[in-house]
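First the structure, in the form of structure tokens, and then the observations on it.
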Amino acid sequence: NAGVMQNPRHLVRRRGQEARLRCSPMKGHSHVYWYRQLPEEGLKFMVYLQKENIIDESGMPKERFSAEFPKEGPSILRIQQVVRGDSAAYFCASSRSREDEQYFGPGTRLTVT
Amino acid sequence: AQTVTQSQPEMSVQEAETVTLSCTYDTSESDYYLFWYKQPPSRQMILVIRQEAYKQQNATENRFSVNFQKAAKSFSLKISDSQLGDAAMYFCAMGLIQGAQKLVFGQGTRLTINP
């Protein structure tokens with residue numbers, strides 16, 4: 001049973017470009033969470049999605065960031081017009097239900113030059 | 001709002017010895033989960049142990065055990081017989097049972113194992 005998949009593992013973008021981060025949850029999991037980890041810090045919640053619905057986006061910056069989890073395909077975290085402060089590791093987690101354990105992917109390390 | 005605090009940025013222990021990592025938290029909710037996650041240099045987040053707040057019995061998982069003090073809002077992790085592979089960042093986290101179950105993480109403790 002494959003775990004949570006994230007790609008790419010490393011992503012380099014110049015300031016002003018767009019970054020797209022993908023997350024494929026574990027089989028049978030319909031709940032997806034995105035977290036951001038700045039250097040030397042803990043993970044910070046960004047957004048919680050179920051298939052085709054955003055449930056809680058209280059941790060998402062108001063501008064430039066968006067997330068989706070379509071009926072088919074992976075969840076996508078999109079960052080438009082990236083800035084140096086967006087450089088971080090972005091982790092996706094999935095769970096079978098809201099109460100179940102969250103399983104984390106390996107993360108995508110975004111570097112903005 | 002929930003907060004999680006880890007007051008020990010770094011800890012070290014001799015191989016085969018026991019070490020305890022501290023964690024305190026704050027919430028007005030009565031039902032929640034507490035977790036310890038391990039993040040080795042690969043950066044993969046690995047669940048070490050989980051505790052339901054309504055359970056009085058402390059969770060254990062092989063060499064890992066917790067001391068859960070609900071009234072004091074304290075949740076420490078004890079690692080017995082430390083091994084070189086235990087070297088990692090350790091994060092304490094909590095999640096509410098009701099609601100989105102988004103996890104709130106502490107700042108982390110870097111654990112070094114001395115051979």
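Letters A, B, ... mark the chains of the structure tokens in the order given; residue numbers begin at 1 per chain; ligand numbers begin at 1, in order shown.
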Exercise. May I have the residues within 10 Å of Asn7 of chain A as a PyMOL selection string, using only C-alpha atoms and disregarding those fewer than 6 positions away in the same chain?
Key: chain A and resi 20-24+105-109
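Selecting chain A residues within 7 Å of chain B and counting only C-alpha atoms yields Glu41, Gly42, Leu43, Lys44, Phe45, Asp56, Arg98, Glu99, Phe104, Gly105 and Pro106 of chain A.
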Exercise. Would you list the contacts of Lys73 of chain B as a PyMOL selection string, taking every protein, DNA or RNA residue within 9 Å and counting only C-alpha atoms, but skipping same-chain residues closer than 6 positions in sequence?
Key: chain B and resi 23-27
Dump C-alpha atoms for the selected residues as a compact mmCIF listing (two decimals), in the first residue's frame?
```txt
# COMPACT_ATOMS: atom_id res chain seq x y z
CA CYS B 23 5.95 19.44 25.79
CA THR B 24 3.23 21.68 27.19
CA TYR B 25 0.10 22.77 25.44
CA ASP B 26 -2.88 25.02 25.91
CA THR B 27 -6.46 24.58 24.80
```
